[in-house]
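Colleague: The following file, final.txt, comprises compact mmCIF, C-alpha atoms and all ligand atoms:
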```
# COMPACT_ATOMS: atom_id res chain seq x y z
CA MET A 1 145.68 91.34 -6.42
CA SER A 2 142.00 91.97 -7.17
CA ASP A 3 140.14 94.57 -5.08
CA TYR A 4 137.48 91.90 -4.64
CA ILE A 5 138.19 88.96 -2.40
CA LEU A 6 135.04 87.14 -3.51
CA GLN A 7 132.88 87.28 -6.61
CA ALA A 8 129.67 85.41 -7.36
CA GLU A 9 129.00 85.45 -11.09
CA ASN A 10 125.56 84.64 -12.49
CA LEU A 11 124.82 82.05 -9.81
CA SER A 12 121.76 79.84 -10.20
CA VAL A 13 120.81 77.20 -7.64
CA SER A 14 117.85 74.81 -7.74
CA TYR A 15 116.27 72.40 -5.28
CA GLY A 16 114.83 69.79 -7.65
CA ASP A 17 112.62 71.75 -10.05
CA PHE A 18 112.45 74.79 -7.79
CA ILE A 19 114.82 77.61 -8.77
CA ALA A 20 115.84 79.27 -5.48
CA VAL A 21 118.54 81.56 -6.90
CA GLU A 22 118.67 82.74 -10.48
CA ASN A 23 121.46 84.60 -12.22
CA ALA A 24 122.69 86.37 -9.08
CA SER A 25 125.96 88.32 -9.24
CA PHE A 26 127.63 90.11 -6.37
CA LYS A 27 131.12 91.02 -5.21
CA VAL A 28 132.74 91.48 -1.84
CA ALA A 29 135.49 94.10 -1.67
CA ARG A 30 138.62 93.08 0.19
CA GLY A 31 138.51 94.38 3.77
CA SER A 32 134.84 95.37 3.57
CA ILE A 33 131.73 94.46 5.52
CA THR A 34 129.17 93.60 2.85
CA THR A 35 125.57 92.55 3.50
CA LEU A 36 122.88 90.59 1.74
CA ILE A 37 119.51 92.01 2.75
CA GLY A 38 116.28 90.16 2.06
CA ALA A 39 113.10 88.75 3.54
CA ASN A 40 112.50 85.15 4.62
CA GLY A 41 112.83 82.79 1.68
CA ALA A 42 114.47 85.38 -0.62
CA GLY A 43 117.39 83.03 -1.27
CA LYS A 44 120.14 84.48 0.91
CA SER A 45 121.09 81.23 2.69
CA THR A 46 121.04 79.39 -0.62
CA MET A 47 123.52 81.94 -2.00
CA LEU A 48 125.77 81.58 1.05
CA LYS A 49 125.72 77.79 0.79
CA ALA A 50 126.74 78.02 -2.87
CA LEU A 51 129.72 80.20 -1.90
CA LEU A 52 130.81 77.69 0.74
CA GLY A 53 130.46 74.57 -1.38
CA GLU A 54 127.45 73.34 0.59
CA ASN A 55 125.27 73.23 -2.50
CA LYS A 56 126.22 72.96 -6.13
CA PRO A 57 125.13 75.80 -8.41
CA ARG A 58 123.26 74.80 -11.56
CA ALA A 59 125.08 77.63 -13.31
CA GLY A 60 127.54 80.40 -12.54
CA LYS A 61 130.83 80.72 -10.74
CA VAL A 62 132.26 81.55 -7.34
CA ILE A 63 135.68 83.19 -7.40
CA PHE A 64 137.63 83.51 -4.13
CA GLU A 65 141.07 85.15 -4.14
CA ASN A 66 141.11 85.01 -7.96
CA GLU A 67 140.49 81.26 -7.97
CA ASP A 68 137.40 79.50 -9.27
CA ILE A 69 136.17 77.56 -6.22
CA THR A 70 132.77 76.59 -7.67
CA GLY A 71 131.79 73.11 -6.58
CA MET A 72 134.84 72.60 -4.33
CA LYS A 73 134.22 70.76 -1.05
CA PRO A 74 133.49 72.91 2.03
CA ASN A 75 136.65 71.73 3.86
CA VAL A 76 138.82 72.70 0.88
CA ILE A 77 137.18 76.13 0.79
CA VAL A 78 137.79 76.64 4.54
CA ARG A 79 141.45 75.80 3.99
CA LYS A 80 141.63 78.58 1.41
CA GLY A 81 140.51 81.11 4.02
CA LEU A 82 136.75 81.38 3.54
CA THR A 83 134.73 80.28 6.54
CA MET A 84 131.22 80.45 7.92
CA SER A 85 129.92 81.67 11.25
CA PRO A 86 126.51 80.04 11.52
CA GLU A 87 123.59 81.24 13.60
CA GLY A 88 124.37 81.06 17.33
CA SER A 89 121.90 78.21 17.60
CA CYS A 90 124.40 76.05 15.72
CA VAL A 91 126.98 75.81 18.52
CA PHE A 92 127.37 72.35 20.04
CA ASP A 93 125.47 72.34 23.35
CA GLU A 94 127.00 69.15 24.68
CA MET A 95 130.53 70.55 24.31
CA THR A 96 132.36 73.14 26.40
CA VAL A 97 133.21 76.56 25.05
CA ARG A 98 136.83 75.44 24.48
CA GLU A 99 135.76 72.25 22.70
CA ASN A 100 133.48 74.28 20.43
CA LEU A 101 136.38 76.59 19.59
CA LEU A 102 138.65 73.62 18.89
CA MET A 103 136.15 72.46 16.27
CA GLY A 104 136.98 75.65 14.38
CA CYS A 105 140.68 74.90 13.96
CA TYR A 106 140.64 71.32 12.74
CA GLN A 107 142.49 72.22 9.51
CA LYS A 108 146.26 71.69 9.59
CA ARG A 109 147.23 75.35 9.00
CA ALA A 110 144.95 76.65 11.77
CA ALA A 111 145.73 73.73 14.12
CA ALA A 112 149.42 74.61 13.91
CA LYS A 113 148.67 78.03 15.44
CA LYS A 114 146.00 76.84 17.84
CA GLU A 115 147.41 78.57 20.95
CA GLU A 116 147.86 81.87 19.13
CA LEU A 117 144.28 81.65 17.85
CA PHE A 118 142.96 80.87 21.34
CA GLU A 119 144.78 83.92 22.66
CA ARG A 120 143.36 86.09 19.90
CA VAL A 121 139.82 84.87 20.46
CA TYR A 122 139.97 85.06 24.26
CA SER A 123 141.37 88.58 24.24
CA MET A 124 138.59 89.60 21.87
CA PHE A 125 135.86 87.77 23.80
CA PRO A 126 136.85 87.78 27.51
CA ILE A 127 133.45 86.33 28.45
CA LEU A 128 134.27 83.17 26.48
CA LYS A 129 137.59 82.89 28.30
CA GLU A 130 135.73 83.10 31.61
CA LYS A 131 133.40 80.32 30.49
CA ASP A 132 136.11 78.23 28.81
CA LYS A 133 135.23 75.01 30.65
CA GLN A 134 131.47 75.48 30.79
CA LEU A 135 129.05 73.62 28.59
CA SER A 136 127.82 75.85 25.78
CA SER A 137 124.23 75.07 26.72
CA TYR A 138 124.69 77.47 29.67
CA LEU A 139 125.52 80.44 27.43
CA SER A 140 123.05 83.24 26.71
CA GLY A 141 121.83 83.83 23.15
CA GLY A 142 124.33 86.64 22.63
CA GLN A 143 127.21 84.61 24.04
CA ARG A 144 126.32 81.74 21.71
CA GLN A 145 126.44 84.09 18.72
CA MET A 146 129.82 85.36 19.92
CA LEU A 147 131.01 81.76 20.25
CA ALA A 148 129.87 81.06 16.67
CA ILE A 149 131.92 84.04 15.43
CA ALA A 150 134.88 83.07 17.63
CA ARG A 151 134.77 79.54 16.24
CA ALA A 152 135.02 80.99 12.72
CA ILE A 153 138.09 83.00 13.77
CA MET A 154 139.72 79.78 15.02
CA ALA A 155 139.94 78.74 11.33
CA ASP A 156 142.25 81.76 10.80
CA PRO A 157 140.14 83.01 7.89
CA LYS A 158 140.62 85.83 5.41
CA MET A 159 136.86 86.16 5.12
CA ILE A 160 133.92 85.21 7.36
CA ILE A 161 130.37 84.68 6.17
CA CYS A 162 127.76 85.23 8.90
CA ASP A 163 124.21 83.98 8.45
CA GLU A 164 121.32 85.53 10.40
CA ILE A 165 123.54 87.40 12.76
CA SER A 166 120.88 88.85 15.04
CA LEU A 167 118.17 86.21 15.08
CA GLY A 168 116.23 86.35 18.36
CA LEU A 169 118.71 88.65 20.15
CA ALA A 170 118.02 91.83 22.12
CA PRO A 171 119.06 95.09 20.39
CA VAL A 172 121.76 95.86 22.97
CA VAL A 173 123.33 92.43 22.41
CA ILE A 174 123.14 92.84 18.64
CA GLY A 175 124.98 96.16 19.05
CA GLU A 176 127.76 94.40 20.97
CA ILE A 177 128.06 91.74 18.27
CA TYR A 178 128.38 94.36 15.55
CA GLU A 179 131.07 96.09 17.63
CA LYS A 180 133.01 92.83 17.73
CA ILE A 181 132.58 92.38 13.99
CA ALA A 182 133.93 95.90 13.40
CA GLU A 183 136.93 95.05 15.61
CA ILE A 184 137.65 91.80 13.74
CA ASN A 185 137.15 93.60 10.43
CA ALA A 186 139.69 96.26 11.48
CA SER A 187 142.21 93.43 12.01
CA GLY A 188 141.92 92.61 8.29
CA VAL A 189 139.12 90.06 8.02
CA THR A 190 136.48 90.66 5.32
CA PHE A 191 132.81 89.98 6.18
CA LEU A 192 129.72 89.00 4.22
CA ILE A 193 126.73 89.23 6.54
CA VAL A 194 123.07 88.31 6.35
CA ASP A 195 120.80 90.20 8.72
CA GLN A 196 117.05 90.47 8.32
CA ASP A 197 116.95 94.03 9.70
CA VAL A 198 117.27 96.57 6.89
CA GLY A 199 118.31 99.57 9.02
CA ARG A 200 120.91 97.65 10.95
CA SER A 201 122.37 96.00 7.84
CA LEU A 202 122.84 99.36 6.17
CA GLU A 203 124.20 101.01 9.33
CA HIS A 204 126.91 98.44 9.97
CA SER A 205 128.16 97.69 6.47
CA ASP A 206 130.11 99.33 3.68
CA TYR A 207 128.17 97.86 0.77
CA SER A 208 124.81 96.10 0.46
CA TYR A 209 122.91 93.92 -1.96
CA VAL A 210 119.14 93.52 -1.76
CA VAL A 211 117.90 90.00 -2.54
CA VAL A 212 114.35 89.44 -3.77
CA LYS A 213 112.98 86.16 -5.13
CA GLY A 214 116.40 84.64 -5.73
CA GLY A 215 117.94 87.62 -7.52
CA ILE A 216 119.76 90.86 -6.69
CA VAL A 217 117.44 93.83 -7.29
CA MET A 218 119.47 96.68 -5.82
CA GLU A 219 123.01 97.35 -4.67
CA GLY A 220 125.16 100.22 -3.53
CA LYS A 221 127.25 101.76 -0.81
CA SER A 222 125.22 101.19 2.35
CA ALA A 223 125.37 104.86 3.29
CA ASP A 224 123.91 105.89 -0.09
CA LEU A 225 121.12 103.33 -0.52
CA PRO A 226 117.62 104.80 -0.12
CA VAL A 227 116.26 103.07 3.02
CA GLU A 228 112.60 103.37 1.99
CA GLU A 229 113.25 101.80 -1.40
CA VAL A 230 115.26 99.00 0.19
CA LYS A 231 112.28 98.38 2.49
CA ASP A 232 109.86 98.35 -0.48
CA ALA A 233 112.02 95.71 -2.13
CA TYR A 234 112.33 93.75 1.10
CA PHE A 235 108.57 93.69 1.68
CA GLY A 236 107.77 93.21 -2.02
CA ILE A 237 105.68 96.37 -2.36
CA ASN A 238 105.29 99.12 -4.97
CA LYS A 239 107.40 98.33 -8.06
CA TYR A 240 108.87 95.26 -6.31
CA ALA A 241 105.49 93.52 -5.87
P1 LIG B 301 115.58 82.67 5.49
O1 LIG B 301 115.96 83.98 6.03
O2 LIG B 301 114.18 82.26 5.84
O3 LIG B 301 116.59 81.57 5.69
P2 LIG B 301 116.61 82.95 2.83
O4 LIG B 301 116.57 84.26 2.12
O5 LIG B 301 117.89 82.53 3.40
O6 LIG B 301 115.48 82.92 3.92
P3 LIG B 301 116.63 80.41 1.54
O7 LIG B 301 116.71 79.65 2.81
O8 LIG B 301 117.83 80.50 0.69
O9 LIG B 301 116.09 81.88 1.81
O10 LIG B 301 115.43 79.81 0.69
C1 LIG B 301 115.14 80.25 -0.65
C2 LIG B 301 114.01 79.40 -1.18
O11 LIG B 301 114.48 78.06 -1.35
C3 LIG B 301 112.79 79.31 -0.25
O12 LIG B 301 111.63 79.31 -1.03
C4 LIG B 301 112.99 77.99 0.46
O13 LIG B 301 111.73 77.43 0.82
C5 LIG B 301 113.66 77.15 -0.61
N1 LIG B 301 114.57 76.15 -0.02
C6 LIG B 301 115.59 76.37 0.82
N2 LIG B 301 116.22 75.21 1.13
C7 LIG B 301 115.56 74.23 0.46
C8 LIG B 301 115.73 72.82 0.36
N3 LIG B 301 116.71 72.18 1.00
N4 LIG B 301 114.85 72.15 -0.42
C9 LIG B 301 113.88 72.79 -1.10
N5 LIG B 301 113.66 74.12 -1.07
C10 LIG B 301 114.49 74.83 -0.29
```
Take the structure I supplied and represent it as C-alpha cells, if you would.

Modeller:
Amino acid sequence: MSDYILQAENLSVSYGDFIAVENASFKVARGSITTLIGANGAGKSTMLKALLGENKPRAGKVIFENEDITGMKPNVIVRKGLTMSPEGSCVFDEMTVRENLLMGCYQKRAAAKKEELFERVYSMFPILKEKDKQLSSYLSGGQRQMLAIARAIMADPKMIICDEISLGLAPVVIGEIYEKIAEINASGVTFLIVDQDVGRSLEHSDYSYVVVKGGIVMEGKSADLPVEEVKDAYFGINKYA
C-alpha cells in the first residue's frame, strides 16, 4: 500500500484558451491533513475539481489509492472513497439538517450503513442532532460549515477535500471547525484542505503546498515552512512577483 492516498501528477487544466493550472504535482500522505495555500484566483479550486472529476485535465494524472482516476465521473470517485466538503454556503437551505445529511449517503455502500453514519455524525456534531428537523436556512455560518463536513462523512469516505473552510466565519468558530477536523482525522480520514489564511493553514496541517498562478511554488512540512516566505508567495511579492 502506497504511503500516499492521492497523487496529482503534472496536472494542467484550461478554461477555453486560459490555462488555470499548469504542470502541478502534489501528493497527500495517507492519514495526513494537507493544505493548498494560495490567493484568490491562484487555481486551488480548479485543482480540487480536477481531483474530483468535476473538470477534465488537459494533461496529467490523478491517482487515488493506486488507481488512475483521471477523468472518471464524480459519482464514481465518491464511491471509491474520495469526497468533497464544499463551502458551508453550499448546503441546501430548503432542506432540513437530516435531509441534507441524507444527500451525502446516496451511494449504495454508504446507504447500507446509513444509521451507523447518522450515529457517527450526530455524536461528533451534537448541535446538528439537536437541529435534525430544522431547515438548514436557520443554521449559523459555522453550523452550516459543520453540516457540509458532516454531509461528506455520510459518504463514508477515506479522504475528504474541503474547499474554503473558513470563508466568512469568526475566528472562534473556525477554531471549532479545525478541532472537528482533527477529531475526524484521528479516526482515520485523510484531509486535503483549502484555506485562504496562511497562518491557520500551516498551524492545522501536517504538510502544505503553496499555489501561485496555477502552479506549486513551495512545499514542505507545515511546521518547517518559513511563514514570511509563504506570505511573499501568497501575495506575489519579492521573488514571487
Ligand atoms: P478562489 O479562492 O478565488 O476560488 P482559486 O485559487 O480557487 O481562487 P480558481 O477558482 O481555481 O482559483 O481560479 C483559477 C483561475 O481560473 C482564475 O483566474 C479564475 O478566474 C479562472 N476560472 C475559474 N473557473 C473558471 C471558469 N469556469 N471559466 C473560466 N475561467 C475560470

Colleague: Please work out which residues fall within 10 Å of (134.1, 80.2, 26.6), coordinates as given in the file, with only C-alpha atoms counting, and return them as a list in words.

Modeller: Thr96, Val97, Arg98, Glu99, Asn100, Leu101, Val121, Tyr122, Phe125, Pro126, Ile127, Leu128, Lys129, Glu130, Lys131, Asp132, Lys133, Gln134, Leu135, Ser136, Leu139, Gln143, Arg144, Met146, Leu147 and Ala150 of chain A

Colleague: Which residues of chain A come within 8 Å of ligand LIG 301 (chain B), and what is each one's closest atom pair and distance in Å (one decimal), counting all atoms listed in the file, sorted by chain and residue number, as JSON lines?

Modeller:
```
{"residue": "A:Ser14", "atom": "CA", "partner": "B:LIG301", "partner_atom": "N5", "distance": 7.9}
{"residue": "A:Tyr15", "atom": "CA", "partner": "B:LIG301", "partner_atom": "C9", "distance": 4.8}
{"residue": "A:Gly16", "atom": "CA", "partner": "B:LIG301", "partner_atom": "C9", "distance": 7.3}
{"residue": "A:Phe18", "atom": "CA", "partner": "B:LIG301", "partner_atom": "N5", "distance": 6.9}
{"residue": "A:Ile19", "atom": "CA", "partner": "B:LIG301", "partner_atom": "O11", "distance": 7.4}
{"residue": "A:Ala20", "atom": "CA", "partner": "B:LIG301", "partner_atom": "O11", "distance": 4.5}
{"residue": "A:Val21", "atom": "CA", "partner": "B:LIG301", "partner_atom": "C1", "distance": 7.2}
{"residue": "A:Gly38", "atom": "CA", "partner": "B:LIG301", "partner_atom": "O4", "distance": 5.9}
{"residue": "A:Ala39", "atom": "CA", "partner": "B:LIG301", "partner_atom": "O4", "distance": 5.8}
{"residue": "A:Asn40", "atom": "CA", "partner": "B:LIG301", "partner_atom": "O2", "distance": 3.6}
{"residue": "A:Gly41", "atom": "CA", "partner": "B:LIG301", "partner_atom": "O9", "distance": 3.4}
{"residue": "A:Ala42", "atom": "CA", "partner": "B:LIG301", "partner_atom": "O4", "distance": 3.6}
{"residue": "A:Gly43", "atom": "CA", "partner": "B:LIG301", "partner_atom": "O8", "distance": 3.2}
{"residue": "A:Lys44", "atom": "CA", "partner": "B:LIG301", "partner_atom": "O4", "distance": 3.8}
{"residue": "A:Ser45", "atom": "CA", "partner": "B:LIG301", "partner_atom": "O5", "distance": 3.5}
{"residue": "A:Thr46", "atom": "CA", "partner": "B:LIG301", "partner_atom": "O8", "distance": 3.6}
{"residue": "A:Met47", "atom": "CA", "partner": "B:LIG301", "partner_atom": "O8", "distance": 6.5}
{"residue": "A:Glu164", "atom": "CA", "partner": "B:LIG301", "partner_atom": "O1", "distance": 7.1}
{"residue": "A:Gln196", "atom": "CA", "partner": "B:LIG301", "partner_atom": "O1", "distance": 7.0}
{"residue": "A:Val211", "atom": "CA", "partner": "B:LIG301", "partner_atom": "O4", "distance": 7.5}
{"residue": "A:Lys213", "atom": "CA", "partner": "B:LIG301", "partner_atom": "C1", "distance": 7.7}
{"residue": "A:Gly214", "atom": "CA", "partner": "B:LIG301", "partner_atom": "C1", "distance": 6.8}
```

Colleague: Rounded to one decimal in Å, what is the spacing between atom CA of Glu54 of chain A and atom CA of Gly81 of chain A?

Modeller: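 It comes out at 15.6 Å.
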
Colleague: Grab the atom CA of Pro171 of chain A to atom CA of Gly141 of chain A distance for me, in Å with one decimal place.

Modeller: 11.9 Å

Colleague: For each of A:Ala8, A:Ile237, A:Ala155, A:Ile165, take the minimum atom-to-atom distance to Ile37 of chain A, counting only C-alpha atoms, then give the residue where this is smallest.

Modeller: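 Of all the options, A:Ile165 lies closest to Ile37 of chain A.
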
Colleague: Counting all atoms listed in the file, which residue out of A:Ile69, A:Lys108, A:Phe118, A:Tyr4 sits closest to Ile33 of chain A?

Modeller: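 Using all atoms listed in the file, the shortest distance to Ile33 of chain A belongs to A:Tyr4.
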
Colleague: What's around Ala241 of chain A at 12 Å? Count all atoms listed in the file, leave out sequence neighbours fewer than 2 positions away in its own chain, and write the answer as a PyMOL selection string.

Modeller: chain A and resi 212-213+231-239

Colleague: Write out as a ChimeraX atom specification which residues come within 8 Å of segment 24-27 of chain A when counting only C-alpha atoms, dropping same-chain ones fewer than 6 positions away.

Modeller: /A:4-12,209,214-216

Colleague: Using only C-alpha atoms, which protein or nucleic acid residues come within 12 Å of Glu116 of chain A? Drop anything in the same chain fewer than 3 positions from it, and give the result as a count of residues only.

Modeller: 14

Colleague: For Leu52 of chain A, please output as a ChimeraX atom specification all residues within 12 Å (counting all atoms listed in the file; exclusion window: fewer than 6 positions along the same chain).

Modeller: /A:6,8,45-46,61-64,69-86,159-163,192

Colleague: What separation in Å, quoted to one decimal, exists between atom CA of Ile181 of chain A and atom CA of Ser205 of chain A?

Modeller: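 Atom-to-atom, atom CA of Ile181 of chain A and atom CA of Ser205 of chain A are spaced 10.2 Å apart.
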
Colleague: Between A:Asn23, A:Ser2, A:Thr34, A:Ser140, which is the closest to Thr190 of chain A once you count all atoms listed in the file?

Modeller: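 Checking each candidate against Thr190 of chain A, we get A:Thr34 as the closest.
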
Colleague: When distances are computed from all atoms listed in the file, which of A:Leu117, A:Pro57, A:Ala152, A:Val172 shows the smallest separation from Gly104 of chain A?

Modeller: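 Counting all atoms listed in the file, the residue closest to Gly104 of chain A is A:Ala152.
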
Colleague: Would you please work out which residue, of A:Pro226, A:Gly142, A:Gly175, A:Gly188, is nearest to Leu202 of chain A when using all atoms listed in the file?

Modeller: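 Comparing A:Pro226, A:Gly142, A:Gly175, A:Gly188 against Leu202 of chain A, the winner is A:Pro226.
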
Colleague: Could you work out an axis-aligned box for segment 79-96 of chain A, taking every atom the file lists and adding 4 Å on each side, and report centre and edge lengths in Å to one decimal, as AutoDock Vina command-line options?

Modeller:
```
--center_x 131.8 --center_y 75.4 --center_z 13.9 --size_x 27.7 --size_y 20.5 --size_z 33.0
```
